[in-house]
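Chemist: Pasting protein.cif here (mmCIF, C-alpha atoms):
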```
data_entry
loop_
_atom_site.label_atom_id
_atom_site.label_comp_id
_atom_site.auth_asym_id
_atom_site.auth_seq_id
_atom_site.Cartn_x
_atom_site.Cartn_y
_atom_site.Cartn_z
CA MET M 1 0.00 0.00 0.00
CA LYS M 2 1.24 3.50 -0.85
CA ASN M 3 0.11 6.99 0.10
CA SER M 4 -0.56 9.91 -2.26
CA LEU M 5 3.17 10.62 -2.47
CA GLY M 6 3.97 7.09 -3.58
CA LYS M 7 5.59 6.18 -0.25
CA PRO M 8 4.84 2.71 1.12
CA VAL M 9 2.62 2.68 4.19
CA THR M 10 1.09 -0.09 6.28
CA ASN M 11 -0.33 -0.59 9.77
CA PHE M 12 2.02 -3.34 10.93
CA ILE M 13 5.75 -4.01 11.30
CA ILE M 14 7.66 -7.13 10.31
CA LEU M 15 11.23 -7.77 11.50
CA TYR M 16 13.88 -9.44 9.36
CA ASP M 17 16.92 -11.17 10.87
CA LEU M 18 20.01 -10.63 8.70
CA THR M 19 21.96 -13.25 10.68
CA THR M 20 19.53 -16.00 9.68
CA ASN M 21 18.04 -14.45 6.51
CA GLN M 22 14.54 -15.07 7.84
CA TYR M 23 11.52 -13.00 8.82
CA ILE M 24 10.33 -13.06 12.41
CA LYS M 25 7.02 -14.92 12.51
CA ASN M 26 5.34 -12.37 14.79
CA ILE M 27 3.71 -9.22 13.36
CA PHE M 28 3.68 -6.03 15.45
CA TYR M 29 1.18 -3.18 15.16
CA SER M 30 -0.63 -0.40 17.01
CA SER M 31 -4.24 0.29 16.06
CA GLU M 32 -4.14 3.72 17.73
CA ILE M 33 -1.62 5.40 15.40
CA GLY M 34 -3.20 4.27 12.12
CA LEU M 35 -1.17 3.64 8.98
CA ILE M 36 2.57 3.69 9.73
CA ASN M 37 4.54 6.08 7.53
CA SER M 38 8.03 5.96 9.05
CA ILE M 39 10.02 3.94 11.57
CA SER M 40 13.44 4.29 13.20
CA TRP M 41 15.50 2.21 15.61
CA LYS M 42 16.82 4.01 18.66
CA PRO M 43 20.63 4.26 18.38
CA ASN M 44 22.64 2.08 20.76
CA ASP M 45 19.45 0.28 21.74
CA GLY M 46 18.33 -2.60 19.54
CA TYR M 47 15.15 -3.09 21.53
CA THR M 48 13.32 0.23 20.91
CA LEU M 49 11.66 1.12 17.62
CA ALA M 50 9.79 4.41 17.03
CA ALA M 51 6.86 4.49 14.62
CA ASN M 52 5.00 7.52 13.27
CA GLY M 53 1.52 7.14 11.79
CA ASP M 54 -1.54 8.99 10.54
CA PHE M 55 -2.95 9.64 14.02
CA GLY M 56 0.14 9.75 16.22
CA ALA M 57 3.31 7.95 17.25
CA CYS M 58 4.46 5.23 19.63
CA LEU M 59 7.50 3.25 20.76
CA PHE M 60 7.68 -0.51 20.24
CA LYS M 61 9.82 -1.81 23.10
CA PHE M 62 10.87 -5.35 22.32
CA VAL M 63 11.58 -7.99 24.95
CA PRO M 64 14.17 -10.60 23.90
CA ASN M 65 13.48 -14.26 24.46
CA LEU M 66 16.22 -15.17 26.94
CA SER M 67 16.25 -18.87 26.12
CA THR M 68 16.60 -18.16 22.41
CA GLN M 69 19.11 -15.39 23.04
CA SER M 70 21.44 -17.75 24.90
CA LYS M 71 21.55 -19.96 21.80
CA LEU M 72 21.65 -17.38 19.03
CA GLY M 73 23.50 -14.49 20.75
CA ASN M 74 22.65 -10.87 21.47
CA ASN M 75 22.86 -9.75 17.83
CA SER M 76 20.14 -12.08 16.58
CA MET M 77 16.83 -10.42 15.67
CA SER M 78 15.13 -13.79 16.10
CA THR M 79 15.07 -13.31 19.87
CA LEU M 80 12.66 -10.34 19.55
CA THR M 81 9.31 -12.12 19.46
CA THR M 82 7.30 -10.01 21.94
CA CYS M 83 7.01 -6.30 22.69
CA TRP M 84 5.00 -3.74 24.64
CA ILE M 85 3.86 -0.43 23.21
CA GLU M 86 4.41 2.96 24.81
CA LYS M 87 2.14 5.65 23.41
CA ILE M 88 3.76 9.01 22.70
CA TYR M 89 0.92 10.90 21.10
CA CYS M 90 -2.47 10.09 19.60
CA SER M 91 -4.73 12.64 17.91
CA ASP M 92 -8.29 13.03 19.19
CA ASN M 93 -9.44 14.16 15.75
CA ARG M 94 -9.67 11.20 13.38
CA GLY M 95 -12.65 12.18 11.27
CA PRO M 96 -12.70 13.07 7.58
CA LYS M 97 -12.18 16.75 8.44
CA ALA M 98 -9.05 16.03 10.51
CA PRO M 99 -5.94 18.06 9.56
CA LYS M 100 -4.09 16.42 6.68
CA ASN M 101 -0.41 15.68 7.30
CA ASN M 102 0.30 13.35 4.39
CA ASP M 103 3.84 14.57 3.81
CA SER M 104 4.93 15.26 7.39
CA LYS M 105 5.33 11.83 8.95
CA SER M 106 9.11 11.92 9.37
CA LEU M 107 10.89 11.04 12.59
CA ALA M 108 14.52 11.00 13.67
CA PHE M 109 16.60 10.08 16.71
CA SER M 110 19.66 12.01 17.79
CA GLN M 111 22.88 10.00 17.60
CA ASP M 112 22.90 9.33 21.35
CA GLY M 113 19.20 8.38 21.34
CA ASN M 114 18.31 11.04 23.92
CA LEU M 115 16.00 13.02 21.63
CA LEU M 116 13.32 11.95 19.16
CA ILE M 117 11.78 14.30 16.59
CA LEU M 118 8.24 13.64 15.34
CA GLY M 119 7.41 15.59 12.19
CA TYR M 120 3.64 15.37 12.57
CA ASN M 121 2.02 18.81 12.93
CA TYR M 122 0.65 19.01 16.49
CA SER M 123 -0.94 22.47 16.35
CA GLN M 124 -4.45 22.33 17.74
CA ARG M 125 -5.60 25.80 16.71
CA GLY M 126 -4.76 28.61 14.33
CA ASN M 127 -2.37 27.92 11.49
CA ASN M 128 0.86 27.59 13.44
CA ASN M 129 2.98 24.70 12.22
CA SER M 130 4.89 22.64 14.72
CA PHE M 131 6.73 19.45 15.50
CA MET M 132 7.37 17.51 18.69
CA VAL M 133 10.61 16.81 20.56
CA VAL M 134 10.43 13.75 22.82
CA ASP M 135 12.75 12.37 25.49
CA PRO M 136 12.32 8.60 24.94
CA ALA M 137 13.53 7.78 28.45
CA THR M 138 10.93 9.89 30.28
CA ASN M 139 8.34 10.44 27.50
CA GLU M 140 8.63 14.18 28.20
CA LYS M 141 7.42 16.20 25.19
CA SER M 142 8.14 19.71 23.92
CA LEU M 143 6.19 21.39 21.12
CA ILE M 144 8.33 23.47 18.76
CA LYS M 145 6.40 25.98 16.67
CA ARG M 146 7.60 27.43 13.41
CA ALA M 147 7.66 31.20 13.51
CA ALA M 148 6.76 33.52 10.63
CA ILE M 149 3.78 31.43 9.45
CA ASN M 150 1.19 34.02 10.43
CA LEU M 151 -0.37 34.77 7.05
CA ASN M 152 -3.81 33.26 6.81
CA ILE M 153 -3.22 31.63 3.41
CA PHE M 154 -2.98 28.01 4.57
CA SER M 155 -6.21 26.43 5.72
CA LYS M 156 -6.38 24.55 8.99
CA SER M 157 -7.09 21.36 7.05
CA SER M 158 -3.66 21.45 5.40
CA LEU M 159 -1.28 22.22 8.25
CA ILE M 160 2.21 20.93 7.54
CA GLY M 161 4.83 19.61 9.95
CA ILE M 162 8.22 18.29 8.83
CA SER M 163 8.79 16.49 5.55
CA SER M 164 12.27 15.23 6.53
CA CYS M 165 14.81 15.94 9.27
CA LYS M 166 18.17 14.84 10.63
CA PHE M 167 20.32 15.60 13.68
CA SER M 168 23.98 16.48 13.41
CA ASN M 169 26.25 13.80 14.87
CA ASP M 170 26.97 15.88 17.98
CA GLY M 171 23.26 16.59 18.50
CA LEU M 172 23.74 20.37 18.53
CA PHE M 173 21.82 21.01 15.30
CA LEU M 174 18.74 19.74 13.51
CA VAL M 175 17.94 20.33 9.84
CA THR M 176 14.32 20.14 8.69
CA SER M 177 12.51 20.54 5.38
CA HIS M 178 8.96 21.85 4.89
CA THR M 179 6.69 21.77 1.87
CA GLN M 180 5.36 25.26 2.51
CA ASN M 181 7.61 27.61 0.52
CA ASN M 182 10.02 24.65 0.08
CA GLU M 183 11.78 25.70 3.26
CA LEU M 184 14.95 24.40 4.84
CA ARG M 185 15.49 25.24 8.49
CA LEU M 186 18.57 24.85 10.67
CA TRP M 187 17.73 24.57 14.39
CA SER M 188 19.91 24.88 17.44
CA THR M 189 18.85 22.13 19.86
CA GLU M 190 20.09 24.25 22.79
CA ASN M 191 17.36 26.91 22.53
CA TRP M 192 15.45 25.87 19.36
CA ASN M 193 16.26 29.06 17.48
CA CYS M 194 16.46 28.56 13.74
CA LYS M 195 17.77 29.95 10.47
CA VAL M 196 15.31 29.84 7.57
CA PHE M 197 16.07 29.27 3.88
CA GLY M 198 12.85 29.54 1.88
CA PHE M 199 11.55 29.30 -1.67
CA LEU M 200 14.05 26.70 -2.87
CA PRO M 201 13.35 25.16 -6.33
CA GLY M 202 11.69 22.11 -4.78
CA LEU M 203 11.22 20.08 -1.62
CA VAL M 204 14.48 19.54 0.28
CA THR M 205 15.37 15.88 0.89
CA ASN M 206 18.18 13.51 1.91
CA PHE M 207 20.18 15.30 4.60
CA CYS M 208 23.73 13.92 5.04
CA TRP M 209 25.77 15.54 7.84
CA PHE M 210 29.57 15.68 7.73
CA PRO M 211 31.29 13.79 10.59
CA SER M 212 32.69 17.15 11.75
CA CYS M 213 29.10 18.50 12.02
CA ASN M 214 30.04 21.77 10.27
CA ALA M 215 28.28 21.01 6.98
CA CYS M 216 25.41 18.97 5.57
CA PHE M 217 24.82 17.70 2.03
CA PHE M 218 21.23 17.74 0.79
CA LEU M 219 19.13 17.37 -2.36
CA VAL M 220 16.23 19.28 -3.87
CA GLU M 221 13.46 17.15 -5.36
CA GLY M 222 13.55 17.10 -9.16
CA CYS M 223 17.02 18.70 -9.38
CA ARG M 224 20.39 17.37 -10.53
CA ASP M 225 22.40 19.38 -8.00
CA ILE M 226 24.15 18.26 -4.83
CA LEU M 227 23.98 21.16 -2.39
CA VAL M 228 25.65 21.81 0.94
CA LEU M 229 24.64 23.75 4.04
CA VAL M 230 27.77 25.12 5.74
CA VAL M 231 27.36 25.99 9.43
CA GLU M 232 29.36 28.72 11.11
CA LYS M 233 29.38 28.57 14.90
CA THR M 234 30.43 31.19 17.41
CA ALA M 235 30.40 31.18 21.20
CA THR M 236 26.93 32.78 21.34
CA SER M 237 25.26 32.22 17.96
CA PHE M 238 25.37 30.41 14.63
CA ASP M 239 24.86 31.16 10.96
CA ALA M 240 24.75 29.13 7.75
CA THR M 241 25.12 29.45 3.99
CA ILE M 242 23.98 27.26 1.08
CA SER M 243 25.99 26.56 -2.06
CA ILE M 244 26.01 24.09 -4.96
CA VAL M 245 28.74 21.47 -4.79
CA CYS M 246 28.20 19.95 -8.23
CA SER M 247 25.57 19.12 -10.85
CA PHE M 248 25.21 15.66 -12.36
CA GLU M 249 24.32 16.01 -16.03
CA SER M 250 23.13 12.99 -18.01
CA HIS M 251 25.94 11.54 -20.08
CA ILE M 252 27.08 8.46 -21.92
CA THR M 253 29.50 6.26 -19.99
CA PRO M 254 31.41 3.52 -21.86
CA MET M 255 31.22 -0.11 -20.75
CA LEU M 256 33.80 -2.70 -21.77
CA HIS M 257 32.60 -5.32 -24.20
CA SER M 258 31.89 -8.64 -22.47
CA SER M 259 34.36 -10.53 -24.68
CA SER M 260 37.32 -8.20 -24.09
CA TYR M 261 39.58 -10.25 -21.81
CA ASN M 262 43.29 -10.93 -21.62
CA GLN M 263 44.92 -14.23 -20.68
CA ASN M 264 44.35 -13.57 -16.97
CA ASN M 265 40.58 -13.13 -17.54
CA THR M 266 40.90 -9.39 -16.87
CA GLN M 267 38.90 -6.89 -18.90
CA TYR M 268 40.87 -4.52 -21.06
CA LEU M 269 40.18 -1.97 -23.78
CA ASN M 270 41.94 -1.84 -27.12
CA ASP M 271 41.30 -0.24 -30.47
CA ASP M 272 39.63 -3.35 -31.86
CA SER M 273 37.18 -3.97 -29.02
CA GLN M 274 33.61 -2.75 -29.20
CA ASN M 275 32.03 -0.85 -26.35
CA GLU M 276 28.50 -0.78 -25.09
CA GLU M 277 27.28 2.62 -23.99
CA ILE M 278 25.02 3.42 -21.05
CA ARG M 279 23.33 6.73 -20.40
CA VAL M 280 23.52 7.67 -16.71
CA GLY M 281 21.95 10.62 -14.96
CA GLY M 282 18.75 12.49 -14.35
CA PRO M 283 17.42 14.18 -11.21
CA ILE M 284 19.09 12.81 -8.08
CA SER M 285 16.58 10.97 -5.90
CA LYS M 286 18.66 9.85 -2.91
CA MET M 287 22.18 9.70 -1.55
CA ALA M 288 24.23 8.27 1.33
CA PHE M 289 27.36 9.65 3.03
CA ASP M 290 29.62 7.23 4.85
CA PRO M 291 30.40 7.90 8.55
CA ASN M 292 34.09 8.44 7.77
CA GLY M 293 33.28 11.28 5.41
CA ASN M 294 35.15 9.65 2.51
CA ARG M 295 32.49 8.26 0.17
CA LEU M 296 29.22 9.63 -1.21
CA VAL M 297 26.81 7.49 -3.25
CA ILE M 298 23.90 8.89 -5.26
CA ALA M 299 20.90 7.33 -7.04
CA PHE M 300 18.72 8.79 -9.78
CA GLU M 301 15.00 9.33 -10.23
CA PRO M 302 13.68 6.23 -12.05
CA ASP M 303 10.65 7.77 -13.75
CA CYS M 304 12.11 10.99 -15.13
CA ASP M 305 14.30 10.12 -18.14
CA SER M 306 13.49 6.85 -19.89
CA SER M 307 16.78 6.98 -21.81
CA CYS M 308 18.86 6.83 -18.60
CA ASP M 309 19.54 3.68 -16.61
CA SER M 310 18.37 4.47 -13.08
CA SER M 311 19.58 1.11 -11.73
CA ILE M 312 23.13 2.48 -11.63
CA LEU M 313 24.59 4.26 -8.59
CA ALA M 314 27.35 6.87 -8.86
CA VAL M 315 30.17 6.84 -6.31
CA TYR M 316 32.25 9.85 -5.28
CA LYS M 317 35.32 10.41 -3.16
CA VAL M 318 34.74 13.38 -0.83
CA GLN M 319 37.51 15.94 -0.32
CA GLN M 320 36.16 17.95 2.57
CA GLU M 321 39.17 20.23 2.84
CA PHE M 322 38.30 22.03 -0.42
CA LEU M 323 34.81 22.89 0.83
CA PHE M 324 36.23 25.04 3.63
CA LYS M 325 39.34 26.34 1.85
CA ALA M 326 39.25 30.14 1.80
CA GLY M 327 39.85 31.74 -1.57
CA GLY M 328 40.12 28.44 -3.43
CA ASP M 329 38.48 27.93 -6.80
CA LEU M 330 36.81 24.60 -7.50
CA ASN M 331 39.00 23.53 -10.40
CA ALA M 332 39.83 19.94 -11.34
CA ASN M 333 42.40 19.69 -8.55
CA GLN M 334 40.16 21.19 -5.89
CA SER M 335 36.86 19.38 -6.40
CA VAL M 336 34.89 18.54 -3.29
CA LEU M 337 33.46 15.46 -5.06
CA VAL M 338 35.73 13.30 -7.23
CA PRO M 339 33.94 10.68 -9.40
CA LEU M 340 35.15 7.14 -8.67
CA GLY M 341 32.80 4.98 -10.73
CA TYR M 342 29.44 3.25 -10.79
CA ILE M 343 27.64 0.40 -9.05
CA ARG M 344 25.27 -1.90 -10.90
CA GLY M 345 22.19 -3.51 -9.45
CA PRO M 346 21.49 -7.24 -8.96
CA GLY M 347 19.49 -7.56 -12.18
CA TRP M 348 22.50 -7.25 -14.50
CA PRO M 349 23.68 -10.40 -16.37
CA THR M 350 26.87 -12.01 -15.12
CA GLU M 351 28.71 -11.34 -18.36
CA SER M 352 28.09 -7.60 -18.02
CA PHE M 353 30.00 -7.59 -14.74
CA GLY M 354 33.12 -8.89 -16.46
CA TYR M 355 33.01 -12.36 -14.86
CA ARG M 356 32.74 -15.69 -16.65
CA SER M 357 33.10 -19.24 -15.46
CA SER M 358 36.02 -21.43 -16.52
CA LYS M 359 33.68 -23.31 -18.86
CA GLN M 360 32.76 -20.08 -20.56
CA ASN M 361 36.41 -19.13 -20.95
CA ASN M 362 37.10 -22.42 -22.71
CA LYS M 363 34.31 -21.97 -25.22
CA THR M 364 35.26 -21.06 -28.77
CA ASN M 365 34.28 -17.90 -30.55
CA ARG M 366 31.17 -19.57 -31.99
CA ASN M 367 29.35 -18.63 -28.78
CA SER M 368 30.67 -15.09 -28.63
CA ASP M 369 27.43 -13.68 -30.03
CA SER M 370 25.49 -15.05 -27.06
CA LEU M 371 27.77 -13.13 -24.71
CA ASN M 372 27.14 -9.80 -26.39
CA ASN M 373 24.32 -8.90 -24.03
CA LYS M 374 22.98 -5.46 -24.66
CA VAL M 375 22.27 -3.12 -21.79
CA LYS M 376 18.57 -3.13 -20.97
CA LEU M 377 16.54 -0.58 -19.10
CA GLY M 378 14.07 -1.60 -16.42
CA GLN M 379 16.55 -3.26 -14.04
CA PRO M 380 15.80 -3.16 -10.28
CA THR M 381 16.26 0.35 -8.93
CA PRO M 382 17.66 1.29 -5.50
CA THR M 383 15.00 2.13 -2.94
CA HIS M 384 17.22 2.71 0.13
CA LEU M 385 20.90 3.56 0.59
CA LEU M 386 22.73 3.23 3.89
CA PHE M 387 26.34 3.00 5.07
CA ALA M 388 27.20 0.74 7.99
CA PRO M 389 28.20 2.80 11.06
CA ARG M 390 31.46 0.88 11.39
CA PHE M 391 33.65 -0.96 8.88
CA GLU M 392 37.34 -1.37 9.67
CA HIS M 393 38.49 -1.76 6.06
CA GLY M 394 36.89 1.43 4.68
CA SER M 395 33.17 1.85 3.98
CA LEU M 396 30.36 -0.71 3.72
CA LEU M 397 27.35 0.29 1.63
CA LEU M 398 23.94 -1.38 2.04
CA VAL M 399 21.50 -1.06 -0.86
CA ALA M 400 17.88 -2.23 -0.88
CA TRP M 401 16.56 -2.81 -4.41
CA SER M 402 13.03 -2.65 -5.80
CA SER M 403 13.29 -6.40 -6.52
CA GLY M 404 13.48 -7.07 -2.76
CA LYS M 405 17.18 -7.91 -2.73
CA ILE M 406 19.73 -6.31 -0.38
CA SER M 407 23.34 -5.76 -1.48
CA PHE M 408 26.35 -5.32 0.80
CA ILE M 409 29.08 -3.47 -1.11
CA PRO M 410 32.48 -3.01 0.59
CA MET M 411 34.65 -0.07 -0.45
CA ILE M 412 38.23 -0.79 0.59
CA TYR M 413 40.64 2.10 1.01
#
```
With the file now loaded, output its structure as structure tokens.

Modeler:
Amino acid sequence: MKNSLGKPVTNFIILYDLTTNQYIKNIFYSSEIGLINSISWKPNDGYTLAANGDFGACLFKFVPNLSTQSKLGNNSMSTLTTCWIEKIYCSDNRGPKAPKNNDSKSLAFSQDGNLLILGYNYSQRGNNNSFMVVDPATNEKSLIKRAAINLNIFSKSSLIGISSCKFSNDGLFLVTSHTQNNELRLWSTENWNCKVFGFLPGLVTNFCWFPSCNACFFLVEGCRDILVLVVEKTATSFDATISIVCSFESHITPMLHSSSYNQNNTQYLNDDSQNEEIRVGGPISKMAFDPNGNRLVIAFEPDCDSSCDSSILAVYKVQQEFLFKAGGDLNANQSVLVPLGYIRGPGWPTESFGYRSSKQNNKTNRNSDSLNNKVKLGQPTPTHLLFAPRFEHGSLLLVAWSSGKISFIPMIY
């Protein structure tokens, strides 16, 4: 089931154990919060899951099965078979005339898990727009209202909360996006003052904070630009500026022909080999920034340009020092983002990856035509991108594909 924005929604939660590659047989739900639009695990606590729905939000607090845990270990999801639900907020107005918050169901934990943001608009009167800050340990709530929304041009039935949000790693700042005026806001979590950037070309999405917490990558819906919010802190205040880091224009990228191998079964390119060409690009739909601040991966909007292959991810090396270098020009030697290559999805044929079995290598050229697989559009597209919080050899990317598969892609450096 999907909502009007095309985002999947349901009224129950199913857990999947990556250690056993199996779903947990129990299904968890709360009838009081309605259709669930977003969920998030509490950091450093594998037993608490926050869920935000049409009519409110709650915490699923799971209780591990001790007998099963002793056999499978603490990291096994299979031990979480029961839970109790702690209500955070439930709206009293559930009728057809209830305020619509279809695009404001985001939620986010701070890195230490001490704060939880609920993007649902909790204003009960007037046309003030707000969101809720919750202390998960005590269930203490604070209502944060957005200032400067005093013009009576938005009806009460269309009040908007937060479309997306993310804490900085140190918890000192929160960035939020809002559909009204396509706003981006930077909040100080100390006093909840904010800086407002309004009337951007589209809805702001995909916040990716730098590990140093002094900048944040973000995207604008329908655009090909990667933008950055640079934060300037002083002892008593803060300020911020927005700039474009780079634009990803659609282009043709060459792919080695599947039969171009040397004696060591390594692909190579020579003047006689034929190349297949793939068009990559389009509006950027999502991105992920690794916790080390070294790699950035972006995905493209699948339904915008039918000539581009949206199953391909682009990978960048991030050179943070050039973003904060005073007086430097962003020439080829001072680029913040350096292209490294592309990642293909699980739907590609084996030959297109440049791998063949020993039997295939021993075949004569009479079968070479069958290996000349042409690039086809319509491969599984990435639906979620995430870097593992820790990976000792570099960065570990997790990709969920529209086919239901999950890829683990190590980047060694």

Chemist: For M:Val196, which residue out of M:Leu107, M:Val245, M:Leu184, M:Leu115 is the nearest one, using only C-alpha atoms?

Modeler: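 Checking each of M:Leu107, M:Val245, M:Leu184, M:Leu115 against M:Val196, counting only C-alpha atoms, the winner is M:Leu184.
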
Chemist: Using atom CA of M:Asp225 and atom CA of M:Ser247 as the two end points, give the distance in Å to one decimal.

Modeler: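 Taking atom CA of M:Asp225 and atom CA of M:Ser247, their separation equals 4.3 Å.
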
Chemist: Go through M:Phe391, M:Phe210, M:Tyr29, M:Trp187 and flag the residue nearest M:Asp239, using only C-alpha atoms for the distances.

Modeler: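 Using only C-alpha atoms, M:Asp239 sits closest to M:Trp187.
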
Chemist: Can you tell me which residues surround M:Glu32 at a distance of at most 7 Å, considering all atoms listed in the file, apart from same-chain residues fewer than 2 positions away, and format the answer as a ChimeraX atom specification?

Modeler: /M:30,34,90

Chemist: Kindly give the distance, in Å, that separates atom CA of M:Cys304 and atom CA of M:Pro201, rounded to a single decimal.

Modeler: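 Atom-to-atom, atom CA of M:Cys304 and atom CA of M:Pro201 are spaced 16.7 Å apart.
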
Chemist: For M:Val134, find every residue with an atom within 10 Å (counting only C-alpha atoms), except residues of its own chain fewer than 6 positions away, and show them as a ChimeraX atom specification.

Modeler: /M:88,109,114-118,140-143

Chemist: So how far away is atom CA of M:Ile242 from atom CA of M:Thr176, in Å?

Modeler: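 Spanning atom CA of M:Thr176 to atom CA of M:Ile242 is a straight-line distance of 14.2 Å.
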
Chemist: Pick the closest to M:Ile144 from M:Asn214, M:Ser188, M:Thr241, M:Ser38: which is it, counting only C-alpha atoms?

Modeler: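 Selected residue with least distance to M:Ile144: M:Ser188.
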
Chemist: Find the spatial neighbours of M:Arg390, counting all atoms listed in the file, within a cut-off of 8 Å - ignore same-chain residues fewer than 3 positions away - and output them as a ChimeraX atom specification.

Modeler: /M:291,395-396

Chemist: Report the residues retrieved by the PyMOL selection byres ((chain M and resi 110) around 8) from the displayed file, expressed as a ChimeraX atom specification.

Modeler: /M:43,108-109,111-116,166-169,171

Chemist: Using all atoms listed in the file - which residues lie no farther than 12 Å from the point (42.2, 9.5, -9.1) in the file's frame? Write them as a count of residues only.

Modeler: 12

Chemist: Using the chain letters and numbers from the file, give me the residues hit by the PyMOL selection byres ((chain M and resi 231-233) around 10), as a short mmCIF file (atom, residue, chain, number, x, y, z; two decimals) with C-alpha atoms, keeping the file's coordinate frame.

Modeler:
```
data_model
loop_
_atom_site.label_atom_id
_atom_site.label_comp_id
_atom_site.auth_asym_id
_atom_site.auth_seq_id
_atom_site.Cartn_x
_atom_site.Cartn_y
_atom_site.Cartn_z
CA PHE M 173 21.82 21.01 15.30
CA LEU M 186 18.57 24.85 10.67
CA CYS M 213 29.10 18.50 12.02
CA ASN M 214 30.04 21.77 10.27
CA ALA M 215 28.28 21.01 6.98
CA CYS M 216 25.41 18.97 5.57
CA VAL M 228 25.65 21.81 0.94
CA LEU M 229 24.64 23.75 4.04
CA VAL M 230 27.77 25.12 5.74
CA THR M 234 30.43 31.19 17.41
CA ALA M 235 30.40 31.18 21.20
CA THR M 236 26.93 32.78 21.34
CA SER M 237 25.26 32.22 17.96
CA PHE M 238 25.37 30.41 14.63
CA ASP M 239 24.86 31.16 10.96
CA ALA M 240 24.75 29.13 7.75
CA THR M 241 25.12 29.45 3.99
CA ILE M 242 23.98 27.26 1.08
#
```
